[in-house]
Structures are given as C-alpha cells and as structure tokens.
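Step one of this worksheet: look at the structure below.
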Amino acid sequence: MQNIQKPAVSSDANLQREVAELMIECLNLEITAEQMNPDAPLYGEGLGLDSIDVLEVALVVSKRYGLQLRADSAENQHIFNSLRSLADHIAAQRTC
Amino acid sequence: MLLLRAMAWISMHLGRRVGRAVLHLSAGYFLLFAPASRRASRDYLRRALGRPPRWRDLYRHFFTFAATIHDRVYLVNRRFDLFDFEVHGGDILRRLLAGGKGLFLIGAHLGSFEVIRAIGRKDTDLRVAMIMREDNARKINAMLAAINPEAVQDIIGLGHVDSMLKVRERLDAGGLVGMLADRTSDNGALHPVQVLGAHAHLPKGPFRMAALLQRPVVFMTGLYLGGNRYAIHFDPLADFSTVKRDQRDAALTAAMNRYAALLDQYCRKAPYNWFNFFDFWQPAPATTPSTS
C-alpha cells in the first residue's frame, strides 16, 4: 500500500513494547513481548490471530489510548498490519 | 445462476405448487445420487428420531431442505401472503431491541433463517445484517440479485478489522446482526458440546464476538412445518451486556452449552429441519489452536 501516508509520528520501542504486552495480556498469547517481531503480520501467518482476536485488540487499544476507530476507513488494514504499524498509529492519534 | 433464475421464474409465474413439483424431483435426485448426503442424513435422523430412519424419513428430510430453499424465492420477493407464520417469542426480541444497543441473532442451519424477512415486514427497522465468510457473502448476494435485485441483503464479510468495526456500528445504531453459529469455518477455536446425545464441536467465534461487544444474544430458527406453515422461534440465549473480561470465558461456555441445548431441543421438535448434510459429529481436528 504505497498510497497510504505514514503517520508523522513514529512509535518508539517503549510504546511498541507496551502495546505488545497489552495484546499478550488480552489474548493470553504464549509468547513474551521480546519475542514479538514488530513487523510480522498480525493476521494469519505471522502472529496467527483471527479476525475476532484483532477485534479484541482494537477494542482494548482504542479504550486504553482513546482512539476513534471507524469502519470503512481505508487505513484500518494498514493500522492493523503489524505491531509497528499499530503502535505508530497510536503514537500519532492517542488522546490519553 | 441461469438455472436459479429459471427456477425463480417458474416459482413466481407458475406458482408455488408447480415449483414444488420440481422440488420432489430434486429431493428424489439427491436421495438417489448423493450418497454422502444420504449417509449424513441417515446418521442424523437416527439420533434425532431415536430409531433407524426409513427411506420415507430420508426423503422427507431432503424435501424439507429443498422446500425451504424454494420458499426463499417467495420470501425474498416479499410474498409473505403465501405463508402461515406462527411467531413464538417475538416480544423477547422487541424488549431487548428497545434497549437501543442492538443485539445478535444467532441461528443455525436448522429451518429457514430467511423467514426473518417476514418478521421485518411489520417492523421496517428490523433489518438484519448477516455476518458470513466473504466467499459465501458474494455467492448469496449474487443469488439474491438473480431473484430480486432489491432484496440484496446487508452482509458483513468476515476477515477484516473493518468488518468488526462495521458490526459494532450496526449494533451501536440499535440494529440486529445475524450469524449462523453451527458450522466451523477456518481454523478458529472450537468448543466441545453435546448435541443429540453425542459429542460435537462448535466454533467459538460467533459467541466470542458477542461477548467482546457485550450484547444480548437471541436464538432464532424458522422451522418448516409442512404445507405453507412455518414456526418462528426466538429464545433468549445469553446476555453479555454486563459481562466483564474476567467472567467472559465462563459466560462463553454457558452460552455455547445453551446454544447446543437449543439445537438439541429443536432438532427433536422438528427433526427434518436440520440442514447440515455432513458428519456434524466428527471429532475435532487434532490441530485445534489454543487461543480462546
């Protein structure tokens, strides 16, 4: 997806770690935050999450960081592509 | 699709009686030439009837399936006048909808889910958005478009973050979201249950979604009773509205066991309405993922 602009703010390693821990906790994943490759796809082959897992992550993350996620946003697929893209989005859009 | 269009034309122009004559042919065809379906039917009927099924039972099973598919043509074309619907538990649905936060309507391949359109004729706001796999969604909408282009259903395809957000928006607007929760699709997590006295596995996905989005769940089935008669049943299944995360797993288990008990109950009540013509009671695959 070349046409989607990257958020102006990039996440740092701390935020990525925080989001990883949030995901591990809410999905009871059997890995540690260090083992999580920030660029691996969240869906399917990478982390192996299904769409309901990703919904759970979306709900938890939007609550924790005060994000507004909308359906029909072309960005959604990009945001939930990987841990890094999700953390980048949070860094750019967080309200708390 | 041409065949379907032709069948729809026969049904609409020559009437339900002529259409049904064609159905007897197709039920007979399946009975004779679809051995895998026949085996599944026999296995299921033995459990549901509590005795070895006869050929007549098998025929009736296939015919009931064909009849409900055929009646879809009329339901989609809003010919509700042709049918006699009994509705049980409609007040439950209205009471829960009055909460304004929407609800999940969970059904099965048991009877006809399409009869919900008949309920919707009185309350025009009772439109159900169905959640299903993307490939199924495309097929169904192509079919509906062939029968009646105005009837194309609101379908939310699974598999994206976006689809989940759409479900939430639908519910937030007080709407109904429908799912059939008796077939396992991809490699999602399974829950063991008892249906008709034997172990079976049901997908956790639909109930996990309802639990995550904290909504009430109502069970729905439209049982075909023969002739032009259907009995539509709504039963309260679960209410996740106030279920917190630490209680979620327990609530999920309770809801799925209740769902299995409802399947059991309605299979015994209307045995020929079960439309899973495969081995529903097969053991779970060994590679079941551990995510809950």
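Ordering of the structure tokens sets the chain letters (A, B, ...), residue numbers begin anew at 1 in every chain, and ligands are numbered from 1 in the order given.
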TODO: Can you check which residues of chain A DSSP gives as alpha helix (DSSP H) on the backbone and send them as a PyMOL selection string?
DONE: chain A and resi 13-27+51-65+76-79+83-93
- [ ] Restrict the distance test to only C-alpha atoms, flag each residue of chain B within 8 Å of chain A, and return the flagged residues as a VMD selection string.
- [x] chain B and resid 158 to 166 169 188 205 208 to 209 212 291 to 292
- [ ] Quick one: pull the distance between atom CA of B:Val218 and atom CA of B:Pro236, Å, one decimal.
- [x]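 These two atoms are separated by 4.7 Å.
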Open item on the list: When you look at A:Arg17 with a cut-off of 10 Å (counting only C-alpha atoms), what residues show up, excluding the ones that are within fewer than 6 positions of it in the same chain? I need them as a VMD selection string.
Closed with: chain A and resid 23 32 to 34 36 38 83 to 84 87
- [ ] Might you pull out every residue within 9 Å of B:Arg16, with only C-alpha atoms counted and same-chain residues fewer than 6 positions away left off, and present them as a PyMOL selection string?
- [x] chain B and resi 10+70-71+74+82
Residues from the last selection, N, CA and C atoms, saved as a PDB file, in the first residue's frame:
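Writing done, so here's part.pdb:
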```pdb
ATOM      1  N   ILE B  10     -40.103 -19.913 -12.798  1.00  0.00           N
ATOM      2  CA  ILE B  10     -41.166 -20.925 -12.668  1.00  0.00           C
ATOM      3  C   ILE B  10     -41.952 -20.669 -11.390  1.00  0.00           C
ATOM      4  N   HIS B  70     -36.575 -23.305  -1.742  1.00  0.00           N
ATOM      5  CA  HIS B  70     -37.537 -22.834  -2.731  1.00  0.00           C
ATOM      6  C   HIS B  70     -38.345 -21.655  -2.182  1.00  0.00           C
ATOM      7  N   ASP B  71     -38.756 -21.754  -0.923  1.00  0.00           N
ATOM      8  CA  ASP B  71     -39.571 -20.695  -0.336  1.00  0.00           C
ATOM      9  C   ASP B  71     -38.811 -19.384  -0.192  1.00  0.00           C
ATOM     10  N   TYR B  74     -39.846 -16.817  -2.636  1.00  0.00           N
ATOM     11  CA  TYR B  74     -41.036 -16.031  -2.299  1.00  0.00           C
ATOM     12  C   TYR B  74     -40.757 -15.034  -1.178  1.00  0.00           C
ATOM     13  N   LEU B  82     -48.348 -15.753   1.057  1.00  0.00           N
ATOM     14  CA  LEU B  82     -48.471 -17.168   0.709  1.00  0.00           C
ATOM     15  C   LEU B  82     -48.300 -18.081   1.916  1.00  0.00           C
TER      16      LEU B  82
END
```
Open item on the list: Let me make sure I understand: among B:Gly28, B:Gly222, B:Gly178, B:Gly19, which one has the smallest atom-to-atom distance to B:Ile155 if we use only C-alpha atoms?
Closed with: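 Nearest to B:Ile155: B:Gly178.
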TODO: Pick out the residues sitting within 10 Å of B:Gln282, and hand them over as a list in words; count only C-alpha atoms, and ignore anything fewer than 3 positions along from it in its own chain.
DONE: Ala198, His199, Ala200, His201, Phe278, Asp279 and Pro285 of chain B
Could those residues be written to a file, using N, CA and C atoms, as a compact mmCIF listing (two decimals), in the first residue's frame?
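Writing done, so here's result_35.txt:
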```
# COMPACT_ATOMS: atom_id res chain seq x y z
N ALA B 198 -24.52 -36.88 21.62
CA ALA B 198 -23.16 -37.21 21.19
C ALA B 198 -22.31 -35.95 21.14
N HIS B 199 -20.99 -36.14 21.19
CA HIS B 199 -20.08 -35.01 21.17
C HIS B 199 -20.02 -34.36 19.80
N ALA B 200 -20.00 -33.05 19.79
CA ALA B 200 -19.79 -32.30 18.55
C ALA B 200 -18.96 -31.08 18.91
N HIS B 201 -18.46 -30.41 17.90
CA HIS B 201 -17.67 -29.21 18.14
C HIS B 201 -18.27 -28.01 17.44
N PHE B 278 -23.57 -33.17 6.41
CA PHE B 278 -22.21 -33.71 6.52
C PHE B 278 -22.11 -34.26 7.93
N ASP B 279 -21.00 -34.90 8.25
CA ASP B 279 -20.88 -35.50 9.56
C ASP B 279 -20.61 -34.44 10.63
N PRO B 285 -10.50 -31.57 14.79
CA PRO B 285 -9.19 -31.79 14.21
C PRO B 285 -8.11 -31.70 15.28
```
